[in-house]
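Novice: This structure is in structure tokens; I'll ask about it shortly.
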Amino acid sequence: MTSDLLAALGARTLRVLQSFGRAALFFVDLLVHMPAALRRFSLVVRQIHAIGNLSLVIILSSGLAVGFVLALQMYYALVTYGATESLGLIVNLSLVRELGPVVTALLFAGRAGTSLTAEIGLMKAGEQLAAMEMMAVDPRSRVLAPRFIGGVISMPLLAVLFSAIGILGAYVVGVLLIGLDSGNFWSLMQARVDVWRDVGNGIVKSFAFGVVCTAVALYQGHETEATPEGVAYATTRTVVVSSLSVLGLDFMLTALMFSTP
Amino acid sequence: MSDTLIEIDRVTFGYDPSRTILDDISLNFTRGKITSILGGSGCGKTTLLRLIGGMAAANSGRVVFDGELIDARDRDKLLRQRRRMGMLFQFGALFTDLSVFDNVAFPLREHSDLSESMIHDIVLMKLHAVGLRGAAGLRISEVSGGMSRRIALARAIALDPELIMYDEPFAGLDLISMGVAANLIRKLNDATGATSLVVSHDVPECMAISDHVILLANGGRIVAQGTPADLMGSLDPETRQFVRGEPDGPVKFHYPARPLAEDFGIGAAA
């Protein structure tokens with residue numbers, strides 16, 4: 001009985017370690033095939049359009065909504081202490097340091113990540129990847145690497161747009177609706193937000209999230225079982241694994257980047 | 001130049017150790033001929049094509065293509081060898097984000113420096129050969145199953161391969177499409193001088209177009225091989241059962257199971 005339990009535990013541990021190994025090899029493979037994909041940049045541009053441009057609606061509308069709500073909540077908190085002039089600064093720092101990269105990554109995993117997983121999974125199920133191999137075309141250079149590069153380029157751009165539209169949303173609520181001073185709103189932001197430390201670190205974060213989310217989505221699609229259930233499980237796993245990885249990675253990066261005041 | 005284009009030498013293969021798909025088989029495929037590989041579902045026909053295409057590696061034995069070993073570990077050599085092969089997948093495996101024209105143009109654009117006007121002419125010639133020149137502008141979602149198969153065939157022959165492998169080219173086709181597909185395979189083979197391997201369980205069509213036929217049984221065993229006339233006239237019970245589609249014979253209809261009485265608990269009640 002105990003030996004059976006131990007054997008089952010051992011087998012499970014081995015499977016988990018093997019899947020980590022396969023994922024690591026897959027990631028190295030993506031990196032190795034990046035130069036070939038970059039040489040045919042039109043493939044990458046097509047993916048930036050599919051992954052980035054087509055995610056704009058959800059990213060911009062979410063950014064605007066987050067900016068509205070953040071401005072309202074911050075105003076209710078700050079008005080007690082008579083510090084409402086700091087509204088723009090607080091909203092800006094929240095967005096560029098944290099909410100911009102993290103919420104964009106979570107939305108990216110749900111919108112573009114699932115789409116990548118389903119696309120690769122169905123290409124595998126429909127033997128399109130096998131057909132490409134038989135035509136002596138390497139799917140890693142032709143299909144996977146361009147999508148990886150497209151995702152990694154798109155994520156920071158989307159995060160910047162998310163933060164920018166969020167700040168505009170906060171301006172609409174704070175200045176146009178509540179009536180705070182427009183000069184205060186912008187000048188404190190200019191004075192206290194550091195381009196490298198705040199905006200730069202936010203972009204570095206979203207770049208890291210782009211690598212993780214796109215690699216996870218492609219890996220799940222590539223490893224999917226060639227059945228409808230397999231594709232469904234793979235898309236779910238993409239969202240779960242990407243989201244948890246983003247949240248865990250965000251904590252580590254924040255601790256590294258902002259450990260000194 | 002040897003008459004043999006592909007040599008399968010004592011190949012054993014299984015996707016996992018508990019189940020052998022092909023068991024120590026040796027075969028030769030003659031250059032310029034159509035060879036059909038027949039057999040029931042799951043007997044390793046498609047696996048054989050995958051081994052020849054280097055999409056799977058044999059557990060033991062070797063696969064030789066035109067005197068060169070097929071070795072998935074030597075990727076550059078494998079890609080070079082694959083440029084000399086074309087494969088028609090069972091369900092076409094067309095790229096659904098591309099049009100009919102772009103699907104056929106795909107291998108040309110990937111492997112040649114031809115101008116777009118040259119590619120245009122070649123693609124239309126290939127589509128004309130399969131009777132679908134008029135469908136060049138259609139999307140893949142707009143074509144039927146039979147048309148998909150023919151488009152995939154046009155794509156498979158785009159680079160004029162020396163070896164064309166057909167995986168179940170007749171599956172799911174109506175009688176007219178089946179006849180058209182069979183004629184196409186024969187005509188293409190005669191016109192291009194390519195070597196063709198047809199994997200199917202459709203006996204009449206394969207017998208009508210093949211120069212040589214191999215019959216595989218479950219467990220990856222070769223039951224019989226020879227000309228279509230040899231197999232049709234065979235007295236071997238397994239061969240007779242397969243080519244005539246008889247329900248009774250050495251090949252059982254039922255999957256191995258416990259005795260009926262045991263499953264229904266008749267013995268226990270008594």
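Ordered as shown in the structure tokens, chains take letters A, B, and onward, while each chain numbers its residues from 1 and ligands are numbered from 1 in the order shown.
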Would you kindly report the residues of chain A within 8 Å of chain B, using only C-alpha atoms, as an mmCIF file with all heavy atoms, in the first residue's frame?
Specialist:
data_model
loop_
_atom_site.group_PDB
_atom_site.id
_atom_site.type_symbol
_atom_site.label_atom_id
_atom_site.label_comp_id
_atom_site.auth_asym_id
_atom_site.auth_seq_id
_atom_site.Cartn_x
_atom_site.Cartn_y
_atom_site.Cartn_z
ATOM 1 N N GLY A 126 -5.098 19.385 -37.096
ATOM 2 C CA GLY A 126 -5.408 19.281 -38.525
ATOM 3 C C GLY A 126 -4.206 18.883 -39.363
ATOM 4 O O GLY A 126 -4.246 18.971 -40.590
ATOM 5 N N GLU A 127 -3.148 18.454 -38.712
ATOM 6 C CA GLU A 127 -1.903 17.994 -39.354
ATOM 7 C C GLU A 127 -1.228 19.071 -40.202
ATOM 8 O O GLU A 127 -0.417 18.759 -41.066
ATOM 9 C CB GLU A 127 -2.159 16.746 -40.205
ATOM 10 C CG GLU A 127 -2.509 15.518 -39.385
ATOM 11 C CD GLU A 127 -2.541 14.248 -40.205
ATOM 12 O OE1 GLU A 127 -3.262 14.234 -41.224
ATOM 13 O OE2 GLU A 127 -1.850 13.286 -39.842
ATOM 14 N N GLN A 128 -1.573 20.351 -39.954
ATOM 15 C CA GLN A 128 -0.935 21.413 -40.741
ATOM 16 C C GLN A 128 0.553 21.529 -40.412
ATOM 17 O O GLN A 128 1.372 21.787 -41.291
ATOM 18 C CB GLN A 128 -1.630 22.749 -40.489
ATOM 19 C CG GLN A 128 -3.039 22.801 -41.044
ATOM 20 C CD GLN A 128 -3.696 24.147 -40.808
ATOM 21 O OE1 GLN A 128 -3.057 25.174 -40.787
ATOM 22 N NE2 GLN A 128 -5.002 24.129 -40.614
ATOM 23 N N ALA A 130 2.424 19.045 -39.337
ATOM 24 C CA ALA A 130 3.075 17.866 -39.929
ATOM 25 C C ALA A 130 3.254 18.065 -41.429
ATOM 26 O O ALA A 130 4.294 17.707 -42.005
ATOM 27 C CB ALA A 130 2.241 16.620 -39.644
ATOM 28 N N ALA A 131 2.223 18.660 -42.068
ATOM 29 C CA ALA A 131 2.314 18.900 -43.513
ATOM 30 C C ALA A 131 3.471 19.854 -43.817
ATOM 31 O O ALA A 131 4.212 19.671 -44.785
ATOM 32 C CB ALA A 131 0.999 19.485 -44.030
ATOM 33 N N MET A 134 6.628 18.021 -43.633
ATOM 34 C CA MET A 134 6.833 17.168 -44.802
ATOM 35 C C MET A 134 7.180 17.981 -46.045
ATOM 36 O O MET A 134 7.714 17.455 -47.005
ATOM 37 C CB MET A 134 5.582 16.318 -45.079
ATOM 38 C CG MET A 134 5.508 15.028 -44.302
ATOM 39 S SD MET A 134 7.008 14.033 -44.381
ATOM 40 C CE MET A 134 7.084 13.637 -46.112
ATOM 41 N N MET A 135 6.858 19.285 -46.007
ATOM 42 C CA MET A 135 7.256 20.158 -47.118
ATOM 43 C C MET A 135 8.631 20.754 -46.854
ATOM 44 O O MET A 135 9.018 21.734 -47.501
ATOM 45 C CB MET A 135 6.227 21.281 -47.304
ATOM 46 C CG MET A 135 4.977 20.817 -48.006
ATOM 47 S SD MET A 135 3.884 22.208 -48.338
ATOM 48 C CE MET A 135 2.815 22.151 -46.954
ATOM 49 N N ALA A 136 9.332 20.183 -45.875
ATOM 50 C CA ALA A 136 10.683 20.630 -45.512
ATOM 51 C C ALA A 136 10.695 22.071 -45.018
ATOM 52 O O ALA A 136 11.655 22.807 -45.210
ATOM 53 C CB ALA A 136 11.655 20.448 -46.686
ATOM 54 N N VAL A 137 9.579 22.484 -44.416
ATOM 55 C CA VAL A 137 9.506 23.824 -43.818
ATOM 56 C C VAL A 137 9.434 23.611 -42.304
ATOM 57 O O VAL A 137 8.575 22.867 -41.830
ATOM 58 C CB VAL A 137 8.250 24.578 -44.307
ATOM 59 C CG1 VAL A 137 8.130 25.924 -43.609
ATOM 60 C CG2 VAL A 137 8.301 24.754 -45.815
#
Novice: Write out as an MDAnalysis selection string each polymer residue whose atoms come within 7 Å of region 89-91 of chain A, counting only C-alpha atoms; drop sequence neighbours fewer than 4 positions from it.
Specialist: chainID A and resid 70:71 95 167 188:189
Novice: Can I get the selected residues back with N, CA, C and O atoms, as a PDB file, in the first residue's frame?
Specialist:
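Full text of out.pdb as output:
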ATOM      1  N   LEU A  70     -10.011  53.998 -10.652  1.00  0.00           N
ATOM      2  CA  LEU A  70      -8.863  54.316  -9.798  1.00  0.00           C
ATOM      3  C   LEU A  70      -8.948  55.780  -9.331  1.00  0.00           C
ATOM      4  O   LEU A  70      -8.716  56.082  -8.148  1.00  0.00           O
ATOM      5  N   ALA A  71      -9.303  56.669 -10.271  1.00  0.00           N
ATOM      6  CA  ALA A  71      -9.396  58.091  -9.918  1.00  0.00           C
ATOM      7  C   ALA A  71     -10.480  58.314  -8.862  1.00  0.00           C
ATOM      8  O   ALA A  71     -10.280  59.042  -7.885  1.00  0.00           O
ATOM      9  N   LEU A  95      -0.479  52.947 -12.201  1.00  0.00           N
ATOM     10  CA  LEU A  95      -0.640  52.383 -13.545  1.00  0.00           C
ATOM     11  C   LEU A  95       0.698  51.970 -14.162  1.00  0.00           C
ATOM     12  O   LEU A  95       0.841  50.839 -14.622  1.00  0.00           O
ATOM     13  N   ILE A 167      -4.461  56.960 -17.543  1.00  0.00           N
ATOM     14  CA  ILE A 167      -4.180  58.302 -17.003  1.00  0.00           C
ATOM     15  C   ILE A 167      -5.163  59.317 -17.585  1.00  0.00           C
ATOM     16  O   ILE A 167      -5.679  60.187 -16.872  1.00  0.00           O
ATOM     17  N   LEU A 188       2.482  67.586 -10.734  1.00  0.00           N
ATOM     18  CA  LEU A 188       3.017  66.638  -9.738  1.00  0.00           C
ATOM     19  C   LEU A 188       3.523  65.368 -10.426  1.00  0.00           C
ATOM     20  O   LEU A 188       4.537  64.786 -10.059  1.00  0.00           O
ATOM     21  N   MET A 189       2.775  64.979 -11.434  1.00  0.00           N
ATOM     22  CA  MET A 189       3.155  63.797 -12.216  1.00  0.00           C
ATOM     23  C   MET A 189       4.531  64.019 -12.863  1.00  0.00           C
ATOM     24  O   MET A 189       5.426  63.183 -12.775  1.00  0.00           O
TER      25      MET A 189
END
Novice: One decimal, in Å: what's the spacing between CA of Val102 (chain A) and CA of Pro35 (chain A)?
Specialist: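 CA of Pro35 (chain A) lies 28.5 Å from CA of Val102 (chain A).
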Novice: Identify, on the basis of only C-alpha atoms, every residue whose closest approach to Lys45 (chain B) does not exceed 8 Å; exclude the query and any residue fewer than 4 positions from it along the same chain; express the result as a list of chain:residue names.
Specialist: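 Residues meeting the cut-off are B:Ile37, B:Leu38, B:Gly39, B:Leu49, B:Val199, B:Ser200, B:Leu216.
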Novice: How about saving the chosen residues, N, CA and C atoms kept, as a compact mmCIF listing (two decimals), in the first residue's frame?
Specialist:
# COMPACT_ATOMS: atom_id res chain seq x y z
N ILE B 37 -0.43 0.13 -50.21
CA ILE B 37 -0.28 -0.59 -48.95
C ILE B 37 -1.67 -0.70 -48.36
N LEU B 38 -2.19 -1.91 -48.36
CA LEU B 38 -3.56 -2.13 -47.88
C LEU B 38 -3.54 -2.76 -46.51
N GLY B 39 -4.65 -2.66 -45.83
CA GLY B 39 -4.76 -3.30 -44.52
C GLY B 39 -5.84 -2.61 -43.71
N LEU B 49 4.32 5.34 -43.66
CA LEU B 49 4.58 6.59 -44.39
C LEU B 49 5.32 7.58 -43.49
N VAL B 199 -1.56 4.55 -49.37
CA VAL B 199 -2.03 3.84 -48.18
C VAL B 199 -3.54 3.92 -48.17
N SER B 200 -4.21 2.77 -48.11
CA SER B 200 -5.66 2.81 -48.19
C SER B 200 -6.25 1.49 -47.69
N LEU B 216 -0.98 -5.52 -45.30
CA LEU B 216 -0.49 -5.57 -43.91
C LEU B 216 -1.61 -6.05 -43.00
Novice: Set the distance at 7 Å and use only C-alpha atoms: which residues neighbour Ile51 (chain A) once local chain neighbours fewer than 6 positions away are removed? I'd like the list as a list of chain:residue names.
Specialist: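 Near Ile51 (chain A), the qualifying residues are A:Ala112, A:Gly150, A:Gly151, A:Ser154.
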Novice: When DSSP works through the backbone of this structure, what residues of region 50-146 of chain B end up as strand (DSSP E), shown as a list in words?
Specialist: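 So, restricting region 50-146 of chain B to strand (DSSP E), we get Ser60, Gly61, Arg62, Val63, Val64, Phe65, Glu68, Leu69, Met85, Gly86, Met87 and Leu88 of chain B.
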Novice: Next, the residues of the selection above should be written as an mmCIF file, in the first residue's frame with N, CA, C and O atoms.
Specialist:
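Generated output (part.cif):
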data_model
loop_
_atom_site.group_PDB
_atom_site.id
_atom_site.type_symbol
_atom_site.label_atom_id
_atom_site.label_comp_id
_atom_site.auth_asym_id
_atom_site.auth_seq_id
_atom_site.Cartn_x
_atom_site.Cartn_y
_atom_site.Cartn_z
ATOM 1 N N SER B 60 13.920 -0.175 -34.242
ATOM 2 C CA SER B 60 15.087 -0.897 -34.772
ATOM 3 C C SER B 60 14.913 -1.036 -36.276
ATOM 4 O O SER B 60 13.813 -0.877 -36.798
ATOM 5 N N GLY B 61 16.014 -1.321 -36.960
ATOM 6 C CA GLY B 61 15.970 -1.414 -38.419
ATOM 7 C C GLY B 61 16.234 -0.060 -39.050
ATOM 8 O O GLY B 61 16.492 0.922 -38.349
ATOM 9 N N ARG B 62 16.202 -0.022 -40.378
ATOM 10 C CA ARG B 62 16.518 1.239 -41.046
ATOM 11 C C ARG B 62 15.618 1.482 -42.246
ATOM 12 O O ARG B 62 15.113 0.534 -42.867
ATOM 13 N N VAL B 63 15.430 2.778 -42.529
ATOM 14 C CA VAL B 63 14.648 3.195 -43.703
ATOM 15 C C VAL B 63 15.618 3.940 -44.612
ATOM 16 O O VAL B 63 16.281 4.888 -44.176
ATOM 17 N N VAL B 64 15.714 3.485 -45.857
ATOM 18 C CA VAL B 64 16.678 4.086 -46.782
ATOM 19 C C VAL B 64 15.919 4.695 -47.952
ATOM 20 O O VAL B 64 15.068 4.038 -48.556
ATOM 21 N N PHE B 65 16.209 5.962 -48.246
ATOM 22 C CA PHE B 65 15.568 6.658 -49.366
ATOM 23 C C PHE B 65 16.640 6.987 -50.398
ATOM 24 O O PHE B 65 17.573 7.740 -50.108
ATOM 25 N N GLU B 68 20.130 6.739 -49.237
ATOM 26 C CA GLU B 68 20.505 7.497 -48.034
ATOM 27 C C GLU B 68 19.589 7.137 -46.877
ATOM 28 O O GLU B 68 18.365 7.068 -47.049
ATOM 29 N N LEU B 69 20.199 6.956 -45.715
ATOM 30 C CA LEU B 69 19.432 6.610 -44.528
ATOM 31 C C LEU B 69 18.517 7.775 -44.123
ATOM 32 O O LEU B 69 18.942 8.924 -44.150
ATOM 33 N N MET B 85 10.195 14.765 -51.595
ATOM 34 C CA MET B 85 8.978 13.983 -51.318
ATOM 35 C C MET B 85 7.765 14.906 -51.297
ATOM 36 O O MET B 85 7.882 16.080 -50.974
ATOM 37 N N GLY B 86 6.612 14.343 -51.613
ATOM 38 C CA GLY B 86 5.363 15.070 -51.424
ATOM 39 C C GLY B 86 4.423 14.154 -50.681
ATOM 40 O O GLY B 86 4.469 12.938 -50.874
ATOM 41 N N MET B 87 3.622 14.732 -49.804
ATOM 42 C CA MET B 87 2.711 13.849 -49.068
ATOM 43 C C MET B 87 1.303 14.428 -49.059
ATOM 44 O O MET B 87 1.111 15.608 -48.775
ATOM 45 N N LEU B 88 0.364 13.577 -49.371
ATOM 46 C CA LEU B 88 -1.051 13.952 -49.300
ATOM 47 C C LEU B 88 -1.600 13.384 -47.995
ATOM 48 O O LEU B 88 -1.657 12.170 -47.827
#
Novice: What is the distance between CA of Leu253 (chain A) and CA of Phe26 (chain A), in Å to one decimal?
Specialist: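 Rounded to one decimal, the two atoms are 23.8 Å apart.
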Novice: Could you give me, as JSON, numbers by chain, the residues within 12 Å of Asn189 (chain B), counting only C-alpha atoms and dropping anything in the same chain fewer than 3 positions from it?
Specialist: {"B": [31, 32, 33, 34, 35, 157, 160, 161, 162, 163, 164, 165, 166, 182, 183, 184, 185, 186, 192, 193, 194, 195, 196, 197, 198, 209, 210, 211]}
Novice: Could those residues be written to a file, using N, CA and C atoms, as a tab-separated table (two decimals), in the first residue's frame?
Specialist:
chain	number	residue	atom	x	y	z
B	31	ARG	N	11.15	2.22	-57.99
B	31	ARG	CA	11.13	3.55	-58.60
B	31	ARG	C	10.11	3.61	-59.75
B	32	GLY	N	9.33	4.68	-59.80
B	32	GLY	CA	8.42	4.92	-60.92
B	32	GLY	C	7.12	4.13	-60.90
B	33	LYS	N	6.94	3.34	-59.87
B	33	LYS	CA	5.74	2.48	-59.80
B	33	LYS	C	4.76	3.01	-58.74
B	34	ILE	N	3.51	2.57	-58.87
B	34	ILE	CA	2.53	2.84	-57.81
B	34	ILE	C	2.44	1.60	-56.94
B	35	THR	N	2.74	1.76	-55.67
B	35	THR	CA	2.61	0.65	-54.73
B	35	THR	C	1.52	1.01	-53.72
B	157	ILE	N	2.42	18.11	-55.26
B	157	ILE	CA	3.21	17.95	-56.48
B	157	ILE	C	3.81	19.27	-56.96
B	160	ASP	N	7.34	19.10	-57.92
B	160	ASP	CA	7.63	17.91	-58.73
B	160	ASP	C	8.47	16.88	-57.96
B	161	PRO	N	7.90	16.32	-56.90
B	161	PRO	CA	8.68	15.39	-56.07
B	161	PRO	C	8.93	14.06	-56.78
B	162	GLU	N	9.99	13.38	-56.32
B	162	GLU	CA	10.29	12.05	-56.88
B	162	GLU	C	9.43	10.99	-56.23
B	163	LEU	N	8.99	11.28	-54.99
B	163	LEU	CA	8.16	10.33	-54.26
B	163	LEU	C	6.89	11.04	-53.80
B	164	ILE	N	5.73	10.47	-54.12
B	164	ILE	CA	4.48	11.04	-53.62
B	164	ILE	C	3.81	9.99	-52.73
B	165	MET	N	3.52	10.40	-51.49
B	165	MET	CA	2.87	9.47	-50.56
B	165	MET	C	1.42	9.92	-50.36
B	166	TYR	N	0.50	9.00	-50.52
B	166	TYR	CA	-0.92	9.32	-50.37
B	166	TYR	C	-1.46	8.58	-49.15
B	182	ALA	N	-8.54	8.41	-58.10
B	182	ALA	CA	-7.75	7.24	-58.52
B	182	ALA	C	-7.11	7.50	-59.89
B	183	ASN	N	-7.89	8.04	-60.81
B	183	ASN	CA	-7.35	8.35	-62.14
B	183	ASN	C	-6.22	9.36	-62.07
B	184	LEU	N	-6.41	10.35	-61.19
B	184	LEU	CA	-5.40	11.40	-61.04
B	184	LEU	C	-4.07	10.80	-60.57
B	185	ILE	N	-4.16	9.91	-59.59
B	185	ILE	CA	-2.94	9.31	-59.05
B	185	ILE	C	-2.20	8.57	-60.17
B	186	ARG	N	-2.94	7.81	-60.94
B	186	ARG	CA	-2.33	7.03	-62.04
B	186	ARG	C	-1.72	7.97	-63.08
B	192	THR	N	4.65	12.19	-64.54
B	192	THR	CA	5.83	12.76	-63.88
B	192	THR	C	6.94	11.72	-63.68
B	193	GLY	N	6.58	10.45	-63.76
B	193	GLY	CA	7.58	9.40	-63.54
B	193	GLY	C	7.92	9.24	-62.06
B	194	ALA	N	7.09	9.83	-61.21
B	194	ALA	CA	7.36	9.74	-59.77
B	194	ALA	C	7.05	8.34	-59.25
B	195	THR	N	7.52	8.09	-58.06
B	195	THR	CA	7.18	6.84	-57.37
B	195	THR	C	6.03	7.17	-56.43
B	196	SER	N	4.99	6.34	-56.44
B	196	SER	CA	3.83	6.66	-55.61
B	196	SER	C	3.56	5.56	-54.61
B	197	LEU	N	3.31	5.95	-53.36
B	197	LEU	CA	2.89	5.01	-52.32
B	197	LEU	C	1.48	5.40	-51.91
B	198	VAL	N	0.55	4.47	-52.02
B	198	VAL	CA	-0.83	4.76	-51.66
B	198	VAL	C	-1.21	3.91	-50.47
B	209	ILE	N	-5.40	0.79	-59.90
B	209	ILE	CA	-4.35	1.73	-60.33
B	209	ILE	C	-2.93	1.28	-59.97
B	210	SER	N	-2.80	0.22	-59.16
B	210	SER	CA	-1.47	-0.11	-58.62
B	210	SER	C	-0.67	-1.04	-59.51
B	211	ASP	N	0.65	-0.89	-59.42
B	211	ASP	CA	1.54	-1.86	-60.06
B	211	ASP	C	1.88	-2.99	-59.08
Novice: Tell me, which residues of region 91-120 of chain B carry DSSP alpha helix (DSSP H), written as a list in words?
Specialist: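 Matching residues for alpha helix (DSSP H) in region 91-120 of chain B are Val100, Phe101, Asp102, Asn103, Val104, Ala105, Phe106, Pro107, Leu108, Arg109, Glu110, His111, Glu116, Ser117, Met118, Ile119 and His120 of chain B.
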Novice: For the residues in that selection, give me all heavy atoms as a short mmCIF file (atom, residue, chain, number, x, y, z; two decimals), in the first residue's frame.
Specialist:
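Output file result.cif is given in full below:
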data_model
loop_
_atom_site.label_atom_id
_atom_site.label_comp_id
_atom_site.auth_asym_id
_atom_site.auth_seq_id
_atom_site.Cartn_x
_atom_site.Cartn_y
_atom_site.Cartn_z
N VAL B 100 -6.87 28.90 -51.70
CA VAL B 100 -6.48 27.71 -52.47
C VAL B 100 -5.16 27.99 -53.20
O VAL B 100 -4.21 27.20 -53.15
CB VAL B 100 -7.59 27.33 -53.47
CG1 VAL B 100 -7.11 26.27 -54.45
CG2 VAL B 100 -8.83 26.86 -52.73
N PHE B 101 -5.09 29.13 -53.86
CA PHE B 101 -3.90 29.51 -54.63
C PHE B 101 -2.67 29.55 -53.71
O PHE B 101 -1.63 28.96 -54.01
CB PHE B 101 -4.11 30.89 -55.28
CG PHE B 101 -2.94 31.35 -56.11
CD1 PHE B 101 -2.91 31.09 -57.47
CD2 PHE B 101 -1.87 32.01 -55.53
CE1 PHE B 101 -1.83 31.51 -58.25
CE2 PHE B 101 -0.79 32.42 -56.29
CZ PHE B 101 -0.76 32.17 -57.65
N ASP B 102 -2.82 30.23 -52.57
CA ASP B 102 -1.66 30.40 -51.67
C ASP B 102 -1.22 29.07 -51.04
O ASP B 102 -0.05 28.90 -50.72
CB ASP B 102 -1.99 31.43 -50.58
CG ASP B 102 -2.04 32.83 -51.15
OD1 ASP B 102 -1.36 33.09 -52.15
OD2 ASP B 102 -2.79 33.67 -50.61
N ASN B 103 -2.18 28.16 -50.85
CA ASN B 103 -1.80 26.84 -50.34
C ASN B 103 -0.87 26.13 -51.30
O ASN B 103 0.14 25.56 -50.90
CB ASN B 103 -3.06 25.99 -50.10
CG ASN B 103 -3.48 25.99 -48.66
OD1 ASN B 103 -2.89 25.29 -47.82
ND2 ASN B 103 -4.48 26.78 -48.35
N VAL B 104 -1.23 26.18 -52.58
CA VAL B 104 -0.41 25.48 -53.57
C VAL B 104 0.92 26.23 -53.78
O VAL B 104 1.96 25.61 -54.02
CB VAL B 104 -1.19 25.33 -54.91
CG1 VAL B 104 -0.36 24.57 -55.93
CG2 VAL B 104 -2.50 24.61 -54.67
N ALA B 105 0.85 27.55 -53.63
CA ALA B 105 2.07 28.35 -53.83
C ALA B 105 3.04 28.23 -52.64
O ALA B 105 4.22 28.55 -52.78
CB ALA B 105 1.70 29.82 -54.03
N PHE B 106 2.51 27.76 -51.50
CA PHE B 106 3.31 27.75 -50.26
C PHE B 106 4.69 27.09 -50.42
O PHE B 106 5.71 27.73 -50.13
CB PHE B 106 2.49 27.07 -49.14
CG PHE B 106 3.17 27.09 -47.81
CD1 PHE B 106 3.00 28.17 -46.95
CD2 PHE B 106 3.98 26.05 -47.40
CE1 PHE B 106 3.63 28.20 -45.72
CE2 PHE B 106 4.61 26.07 -46.16
CZ PHE B 106 4.43 27.15 -45.32
N PRO B 107 4.77 25.84 -50.89
CA PRO B 107 6.11 25.23 -51.00
C PRO B 107 7.00 25.94 -52.01
O PRO B 107 8.22 26.00 -51.83
CB PRO B 107 5.83 23.78 -51.44
CG PRO B 107 4.42 23.75 -51.88
CD PRO B 107 3.72 24.89 -51.25
N LEU B 108 6.39 26.51 -53.06
CA LEU B 108 7.19 27.23 -54.08
C LEU B 108 7.81 28.49 -53.47
O LEU B 108 8.97 28.80 -53.70
CB LEU B 108 6.32 27.61 -55.27
CG LEU B 108 5.77 26.44 -56.10
CD1 LEU B 108 4.64 26.90 -56.99
CD2 LEU B 108 6.89 25.84 -56.94
N ARG B 109 7.00 29.21 -52.68
CA ARG B 109 7.50 30.44 -52.06
C ARG B 109 8.55 30.13 -51.00
O ARG B 109 9.47 30.92 -50.78
CB ARG B 109 6.34 31.23 -51.44
CG ARG B 109 5.47 31.88 -52.50
CD ARG B 109 4.31 32.64 -51.88
NE ARG B 109 3.52 33.30 -52.92
CZ ARG B 109 2.22 33.44 -52.88
NH1 ARG B 109 1.53 32.98 -51.85
NH2 ARG B 109 1.58 34.06 -53.85
N GLU B 110 8.39 28.98 -50.33
CA GLU B 110 9.34 28.64 -49.27
C GLU B 110 10.68 28.15 -49.81
O GLU B 110 11.71 28.39 -49.21
CB GLU B 110 8.73 27.55 -48.36
CG GLU B 110 7.57 28.01 -47.51
CD GLU B 110 7.96 29.02 -46.44
OE1 GLU B 110 9.07 28.89 -45.89
OE2 GLU B 110 7.17 29.95 -46.18
N HIS B 111 10.62 27.45 -50.94
CA HIS B 111 11.83 26.75 -51.39
C HIS B 111 12.42 27.25 -52.70
O HIS B 111 13.35 26.65 -53.20
CB HIS B 111 11.54 25.25 -51.52
CG HIS B 111 11.29 24.59 -50.22
ND1 HIS B 111 12.16 24.67 -49.16
CD2 HIS B 111 10.26 23.84 -49.78
CE1 HIS B 111 11.67 24.00 -48.13
NE2 HIS B 111 10.52 23.50 -48.48
N GLU B 116 6.90 36.11 -58.69
CA GLU B 116 5.48 35.87 -58.42
C GLU B 116 4.72 35.48 -59.70
O GLU B 116 3.81 34.67 -59.65
CB GLU B 116 4.84 37.11 -57.79
CG GLU B 116 4.90 37.14 -56.27
CD GLU B 116 4.30 35.91 -55.58
OE1 GLU B 116 3.14 35.56 -55.86
OE2 GLU B 116 5.01 35.29 -54.77
N SER B 117 5.15 36.05 -60.85
CA SER B 117 4.43 35.70 -62.09
C SER B 117 4.68 34.24 -62.47
O SER B 117 3.80 33.53 -62.94
CB SER B 117 4.83 36.64 -63.23
OG SER B 117 6.16 36.40 -63.59
N MET B 118 5.92 33.79 -62.20
CA MET B 118 6.26 32.38 -62.48
C MET B 118 5.47 31.46 -61.53
O MET B 118 4.91 30.44 -61.95
CB MET B 118 7.77 32.18 -62.28
CG MET B 118 8.27 30.82 -62.67
SD MET B 118 8.33 30.60 -64.43
CE MET B 118 9.98 31.19 -64.77
N ILE B 119 5.44 31.86 -60.25
CA ILE B 119 4.70 31.06 -59.27
C ILE B 119 3.22 31.00 -59.66
O ILE B 119 2.59 29.94 -59.59
CB ILE B 119 4.88 31.67 -57.84
CG1 ILE B 119 6.30 31.39 -57.34
CG2 ILE B 119 3.86 31.10 -56.85
CD1 ILE B 119 6.66 32.00 -56.02
N HIS B 120 2.70 32.13 -60.11
CA HIS B 120 1.30 32.20 -60.55
C HIS B 120 1.03 31.14 -61.62
O HIS B 120 0.06 30.38 -61.56
CB HIS B 120 1.02 33.62 -61.07
CG HIS B 120 -0.33 33.77 -61.71
ND1 HIS B 120 -0.52 33.61 -63.06
CD2 HIS B 120 -1.54 34.05 -61.18
CE1 HIS B 120 -1.81 33.78 -63.33
NE2 HIS B 120 -2.44 34.06 -62.21
#
